[in-house]
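**Q** Pasting in a structure now, in structure tokens, and then I'll have a few things to ask.
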Amino acid sequence: MSHIVCTVSNCYYNKREGCTAPALDVDGEMADESRLTCCDTFIEQKPGMKSSVQEPKGETQISCKAKKCTYNDNERCDAQRIVVNGKNAQHTEETCCSTFIS
Ligand code: SF4
């Protein structure tokens with residue numbers, strides 16, 4: 001379980017740089033740097049679309065395919081805190097886990 005700080009303010013799940021998603025999926029099977037990872041849980045909040053009514057969770061379960069990351073333990077994230085970036089992203093590929101370290 002990790003605390004998530006997320007700057008993807010146009011994601012359906014984003015609230016005050018917190019994440020309200022029930023769980024997170026991070027992709028990046030071949031990633032050897034952070035920009036090659038992405039948040040698969042991202043849903044673009046199009047104009048007029050309501051955002052999640054949930055509050056950000058203190059800690060979230062993260063499944064992660066970026067096996068080359070130091071924090072990856074059997075496809076689970078072991079970091080206490082991660083930062084997800086991707087301002088104005090329209091697709092998952094435009095987001096990334098900036099905490100990735102190999
Ligand atoms: S810190 Fe590493 S293991 Fe955790 S979500 Fe980011 S890339 Fe995956």
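Chain lettering (A, B, ...) mirrors the order of the structure tokens, residue numbering begins at 1 for each chain separately, and ligand numbering begins at 1 in order of display.
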Write out as a PyMOL selection string each polymer residue (protein, DNA or RNA) that has an atom no more than 7 Å from ligand 1, with only C-alpha atoms and all ligand atoms counted.
**A** chain A and resi 26+34+37+62+64-66+69-72+76-79+82+97-101
**Q** For the residues in that selection, give me all heavy atoms as a compact mmCIF listing (two decimals), in the first residue's frame.
**A**
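Result went into result22.txt, see below:
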```
# COMPACT_ATOMS: atom_id res chain seq x y z
N VAL A 26 -0.22 0.18 -12.64
CA VAL A 26 0.84 0.89 -13.34
C VAL A 26 1.44 -0.06 -14.38
O VAL A 26 1.68 -1.24 -14.10
CB VAL A 26 1.91 1.40 -12.35
CG1 VAL A 26 3.11 1.99 -13.08
CG2 VAL A 26 1.30 2.43 -11.41
N SER A 34 11.47 6.26 -15.86
CA SER A 34 10.11 6.57 -15.43
C SER A 34 9.17 6.94 -16.57
O SER A 34 8.00 6.59 -16.56
CB SER A 34 10.12 7.67 -14.37
OG SER A 34 10.53 8.87 -14.93
N THR A 37 6.90 4.33 -18.03
CA THR A 37 5.82 3.73 -17.22
C THR A 37 4.56 4.56 -17.47
O THR A 37 4.63 5.67 -17.98
CB THR A 37 6.15 3.78 -15.72
OG1 THR A 37 6.19 5.15 -15.30
CG2 THR A 37 7.48 3.10 -15.41
N ILE A 62 -1.19 -0.92 -5.14
CA ILE A 62 -0.72 -0.66 -6.51
C ILE A 62 -0.17 -1.94 -7.14
O ILE A 62 0.78 -2.54 -6.63
CB ILE A 62 0.38 0.41 -6.53
CG1 ILE A 62 -0.13 1.71 -5.90
CG2 ILE A 62 0.86 0.68 -7.96
CD1 ILE A 62 0.94 2.77 -5.70
N CYS A 64 1.83 -3.28 -10.30
CA CYS A 64 2.76 -2.60 -11.21
C CYS A 64 3.54 -3.60 -12.06
O CYS A 64 4.12 -4.55 -11.55
CB CYS A 64 3.71 -1.73 -10.41
SG CYS A 64 4.91 -0.89 -11.47
N LYS A 65 3.54 -3.35 -13.37
CA LYS A 65 4.23 -4.26 -14.29
C LYS A 65 5.68 -3.84 -14.54
O LYS A 65 6.41 -4.54 -15.23
CB LYS A 65 3.48 -4.30 -15.62
CG LYS A 65 2.09 -4.92 -15.50
CD LYS A 65 1.62 -5.40 -16.87
CE LYS A 65 0.25 -6.04 -16.81
NZ LYS A 65 -0.82 -5.02 -16.84
N ALA A 66 6.08 -2.69 -14.01
CA ALA A 66 7.45 -2.21 -14.23
C ALA A 66 8.42 -3.00 -13.34
O ALA A 66 8.85 -2.54 -12.29
CB ALA A 66 7.53 -0.72 -13.95
N CYS A 69 11.80 -1.76 -11.76
CA CYS A 69 11.83 -0.75 -10.69
C CYS A 69 12.24 -1.41 -9.37
O CYS A 69 11.77 -2.50 -9.04
CB CYS A 69 10.46 -0.09 -10.55
SG CYS A 69 10.40 1.10 -9.20
N THR A 70 13.08 -0.69 -8.63
CA THR A 70 13.57 -1.17 -7.33
C THR A 70 12.41 -1.46 -6.37
O THR A 70 12.50 -2.35 -5.53
CB THR A 70 14.46 -0.07 -6.70
OG1 THR A 70 15.48 0.25 -7.63
CG2 THR A 70 15.06 -0.49 -5.38
N TYR A 71 11.34 -0.71 -6.49
CA TYR A 71 10.21 -0.85 -5.57
C TYR A 71 9.26 -1.97 -5.95
O TYR A 71 8.29 -2.23 -5.25
CB TYR A 71 9.43 0.46 -5.48
CG TYR A 71 10.21 1.58 -4.87
CD1 TYR A 71 10.57 2.69 -5.63
CD2 TYR A 71 10.59 1.54 -3.53
CE1 TYR A 71 11.29 3.73 -5.08
CE2 TYR A 71 11.32 2.58 -2.98
CZ TYR A 71 11.66 3.67 -3.75
OH TYR A 71 12.38 4.70 -3.20
N ASN A 72 9.52 -2.60 -7.09
CA ASN A 72 8.59 -3.64 -7.55
C ASN A 72 8.88 -4.97 -6.86
O ASN A 72 9.98 -5.51 -6.93
CB ASN A 72 8.72 -3.80 -9.08
CG ASN A 72 7.53 -4.53 -9.65
OD1 ASN A 72 7.24 -5.65 -9.25
ND2 ASN A 72 6.84 -3.89 -10.57
N ARG A 76 3.92 -5.95 -7.32
CA ARG A 76 3.27 -5.06 -6.35
C ARG A 76 4.26 -3.94 -6.04
O ARG A 76 5.46 -4.19 -5.96
CB ARG A 76 2.97 -5.80 -5.04
CG ARG A 76 1.94 -6.88 -5.19
CD ARG A 76 0.60 -6.40 -4.63
NE ARG A 76 -0.41 -7.38 -4.94
CZ ARG A 76 -1.58 -7.10 -5.53
NH1 ARG A 76 -1.88 -5.88 -5.85
NH2 ARG A 76 -2.46 -8.03 -5.78
N CYS A 77 3.72 -2.74 -5.84
CA CYS A 77 4.60 -1.63 -5.50
C CYS A 77 4.85 -1.61 -4.00
O CYS A 77 3.92 -1.66 -3.20
CB CYS A 77 3.98 -0.31 -5.93
SG CYS A 77 5.02 1.09 -5.49
N ASP A 78 6.13 -1.50 -3.65
CA ASP A 78 6.55 -1.55 -2.26
C ASP A 78 6.92 -0.16 -1.72
O ASP A 78 7.34 -0.03 -0.57
CB ASP A 78 7.79 -2.46 -2.19
CG ASP A 78 7.83 -3.25 -0.92
OD1 ASP A 78 6.79 -3.31 -0.24
OD2 ASP A 78 8.91 -3.78 -0.60
N ALA A 79 6.79 0.88 -2.55
CA ALA A 79 7.18 2.24 -2.12
C ALA A 79 6.13 2.79 -1.15
O ALA A 79 4.95 2.51 -1.29
CB ALA A 79 7.29 3.15 -3.33
N ILE A 82 4.27 7.28 -3.88
CA ILE A 82 4.67 7.45 -5.28
C ILE A 82 4.10 8.76 -5.81
O ILE A 82 3.09 9.27 -5.31
CB ILE A 82 4.23 6.28 -6.21
CG1 ILE A 82 2.72 6.26 -6.45
CG2 ILE A 82 4.72 4.93 -5.67
CD1 ILE A 82 2.33 5.48 -7.69
N CYS A 97 4.89 7.15 -13.69
CA CYS A 97 5.23 7.06 -12.28
C CYS A 97 6.64 7.63 -12.11
O CYS A 97 7.62 6.99 -12.50
CB CYS A 97 5.20 5.61 -11.80
SG CYS A 97 5.80 5.48 -10.09
N SER A 98 6.72 8.83 -11.54
CA SER A 98 8.02 9.50 -11.41
C SER A 98 8.88 8.90 -10.30
O SER A 98 10.05 9.27 -10.17
CB SER A 98 7.80 10.99 -11.14
OG SER A 98 7.16 11.57 -12.24
N THR A 99 8.32 8.01 -9.53
CA THR A 99 9.08 7.39 -8.43
C THR A 99 9.90 6.20 -8.94
O THR A 99 10.78 5.71 -8.23
CB THR A 99 8.09 6.95 -7.32
OG1 THR A 99 7.32 8.10 -6.98
CG2 THR A 99 8.81 6.49 -6.06
N PHE A 100 9.65 5.77 -10.17
CA PHE A 100 10.41 4.66 -10.75
C PHE A 100 11.90 4.88 -10.57
O PHE A 100 12.43 5.95 -10.88
CB PHE A 100 10.09 4.53 -12.25
CG PHE A 100 10.90 3.46 -12.95
CD1 PHE A 100 10.37 2.22 -13.16
CD2 PHE A 100 12.19 3.74 -13.38
CE1 PHE A 100 11.11 1.23 -13.81
CE2 PHE A 100 12.95 2.76 -14.03
CZ PHE A 100 12.41 1.50 -14.25
N ILE A 101 12.58 3.87 -10.09
CA ILE A 101 14.04 3.92 -10.01
C ILE A 101 14.56 2.52 -10.26
O ILE A 101 13.99 1.55 -9.75
CB ILE A 101 14.50 4.53 -8.66
CG1 ILE A 101 15.98 4.84 -8.69
CG2 ILE A 101 14.15 3.65 -7.49
CD1 ILE A 101 16.42 5.77 -7.57
```
**Q** Please list as a CSV table (one decimal) with N, CA, C and O atoms, in the first residue's frame every residue within 12 Å of Gln61 in chain A, counting only C-alpha atoms and excluding residues in the same chain fewer than 2 positions away.
**A**
```csv
chain,number,residue,atom,x,y,z
A,1,MET,N,0.8,-1.2,0.0
A,1,MET,CA,0.0,0.0,0.0
A,1,MET,C,0.9,1.2,0.0
A,1,MET,O,1.8,1.3,0.7
A,2,SER,N,0.5,2.2,-0.9
A,2,SER,CA,1.4,3.4,-1.0
A,2,SER,C,0.5,4.6,-1.0
A,2,SER,O,-0.7,4.6,-1.4
A,3,HIS,N,1.1,5.7,-0.5
A,3,HIS,CA,0.4,7.0,-0.6
A,3,HIS,C,0.7,7.5,-2.0
A,3,HIS,O,1.8,7.5,-2.5
A,4,ILE,N,-0.4,8.1,-2.7
A,4,ILE,CA,-0.2,8.5,-4.0
A,4,ILE,C,-0.4,10.1,-4.1
A,4,ILE,O,-1.4,10.6,-3.6
A,19,CYS,N,-5.4,10.6,-5.0
A,19,CYS,CA,-6.0,9.6,-5.8
A,19,CYS,C,-7.2,9.0,-5.1
A,19,CYS,O,-7.0,8.4,-4.0
A,20,THR,N,-8.4,9.0,-5.8
A,20,THR,CA,-9.6,8.4,-5.2
A,20,THR,C,-9.9,7.0,-5.7
A,20,THR,O,-10.9,6.4,-5.4
A,21,ALA,N,-9.0,6.5,-6.6
A,21,ALA,CA,-9.3,5.2,-7.2
A,21,ALA,C,-9.2,4.1,-6.2
A,21,ALA,O,-8.3,4.2,-5.3
A,22,PRO,N,-10.0,3.1,-6.3
A,22,PRO,CA,-9.9,2.0,-5.3
A,22,PRO,C,-8.6,1.2,-5.3
A,22,PRO,O,-8.2,0.7,-4.3
A,23,ALA,N,-8.0,1.1,-6.5
A,23,ALA,CA,-6.7,0.5,-6.6
A,23,ALA,C,-6.0,1.1,-7.9
A,23,ALA,O,-6.7,1.6,-8.7
A,24,LEU,N,-4.7,0.9,-8.0
A,24,LEU,CA,-4.0,1.5,-9.1
A,24,LEU,C,-3.3,0.4,-9.9
A,24,LEU,O,-2.7,-0.5,-9.3
A,25,ASP,N,-3.3,0.5,-11.2
A,25,ASP,CA,-2.5,-0.3,-12.1
A,25,ASP,C,-1.5,0.5,-12.8
A,25,ASP,O,-1.9,1.5,-13.5
A,26,VAL,N,-0.2,0.2,-12.6
A,26,VAL,CA,0.8,0.9,-13.3
A,26,VAL,C,1.4,-0.1,-14.4
A,26,VAL,O,1.7,-1.2,-14.1
A,57,LYS,N,-7.6,8.5,-1.0
A,57,LYS,CA,-7.3,7.5,0.0
A,57,LYS,C,-5.9,7.7,0.6
A,57,LYS,O,-5.0,8.2,-0.1
A,58,GLY,N,-5.7,7.5,1.8
A,58,GLY,CA,-4.4,7.6,2.5
A,58,GLY,C,-3.4,6.7,1.8
A,58,GLY,O,-2.2,7.1,1.5
A,59,GLU,N,-3.8,5.5,1.6
A,59,GLU,CA,-2.9,4.5,1.0
A,59,GLU,C,-3.7,3.6,0.0
A,59,GLU,O,-4.9,3.4,0.2
A,63,SER,N,-0.8,-2.3,-8.3
A,63,SER,CA,-0.2,-3.4,-9.1
A,63,SER,C,0.6,-2.8,-10.1
A,63,SER,O,0.2,-1.8,-10.7
A,64,CYS,N,1.8,-3.3,-10.3
A,64,CYS,CA,2.8,-2.6,-11.2
A,64,CYS,C,3.5,-3.6,-12.1
A,64,CYS,O,4.1,-4.5,-11.5
A,75,GLU,N,5.3,-7.7,-8.9
A,75,GLU,CA,4.3,-6.9,-9.5
A,75,GLU,C,3.4,-6.2,-8.5
A,75,GLU,O,2.3,-5.8,-8.8
A,76,ARG,N,3.9,-6.0,-7.3
A,76,ARG,CA,3.3,-5.1,-6.3
A,76,ARG,C,4.3,-3.9,-6.0
A,76,ARG,O,5.5,-4.2,-6.0
A,77,CYS,N,3.7,-2.7,-5.8
A,77,CYS,CA,4.6,-1.6,-5.5
A,77,CYS,C,4.9,-1.6,-4.0
A,77,CYS,O,3.9,-1.7,-3.2
A,78,ASP,N,6.1,-1.5,-3.6
A,78,ASP,CA,6.5,-1.5,-2.3
A,78,ASP,C,6.9,-0.2,-1.7
A,78,ASP,O,7.3,0.0,-0.6
A,79,ALA,N,6.8,0.9,-2.6
A,79,ALA,CA,7.2,2.2,-2.1
A,79,ALA,C,6.1,2.8,-1.1
A,79,ALA,O,4.9,2.5,-1.3
A,80,GLN,N,6.6,3.6,-0.2
A,80,GLN,CA,5.6,4.2,0.8
A,80,GLN,C,4.8,5.3,0.1
A,80,GLN,O,3.7,5.5,0.5
A,81,ARG,N,5.4,5.9,-0.9
A,81,ARG,CA,4.8,7.0,-1.5
A,81,ARG,C,5.2,7.1,-3.0
A,81,ARG,O,6.4,6.9,-3.3
A,82,ILE,N,4.3,7.3,-3.9
A,82,ILE,CA,4.7,7.4,-5.3
A,82,ILE,C,4.1,8.8,-5.8
A,82,ILE,O,3.1,9.3,-5.3
```
**Q** Tell me which protein, DNA and RNA residues are within 6 Å of Gly86 in chain A, counting only C-alpha atoms, leaving out same-chain ones fewer than 6 positions away, and put them as a JSON list (two decimals) with C-alpha atoms, in the first residue's frame.
**A**
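Once everything was written out, this is result.json:
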```json
[["chain", "number", "residue", "atom", "x", "y", "z"],
["A", 8, "VAL", "CA", -2.81, 14.52, -13.40],
["A", 94, "GLU", "CA", 1.05, 10.55, -21.27],
["A", 95, "THR", "CA", 1.18, 9.74, -17.56]]
```
**Q** Calculated over only C-alpha atoms, which of the candidates A:Asp32, A:Asn10, A:Lys67, A:Cys96 has the smallest distance to Met49 in chain A?
**A** A:Asn10
**Q** Rank A:Cys11, A:Asn74, A:Asn85, A:Thr92 by their smallest atom-to-atom distance to Gln45 in chain A, using only C-alpha atoms, and report the top residue only.
**A**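 Under the stated criterion, the closest residue is A:Cys11.
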**Q** Figure out the distance between CA of Leu36 in chain A and CA of Ser102 in chain A, please, to one decimal in Å.
**A**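 The value is 12.2 Å.
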**Q** Quick one: DSSP strand (DSSP E or B) residues in chain A, as a VMD selection string?
**A** chain A and resid 2 to 6 11 14 to 15 18 to 19 23 to 27 38 to 39 44 60 to 64 72 to 73 76 to 77 81 to 85 96 to 97
**Q** Show me, as a ChimeraX atom specification, the residues that have an atom within 12 Å of Tyr12 in chain A when counting only C-alpha atoms, minus same-chain residues fewer than 5 positions from it.
**A** /A:6,17-21,41-56,89-90
**Q** Calculate how many Å separate CA of Ala31 in chain A from CA of Lys68 in chain A, rounding to one decimal.
**A**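 One can read the CA of Ala31 in chain A to CA of Lys68 in chain A distance as 6.8 Å.
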**Q** Quick one: distance from CA of Lys15 in chain A to CA of Glu29 in chain A in Å, one decimal?
**A** 27.8 Å
**Q** So which bits of chain A end up helix (DSSP H, G or I) when you DSSP the backbone, as a PyMOL selection string?
**A** chain A and resi 34-36+92-94
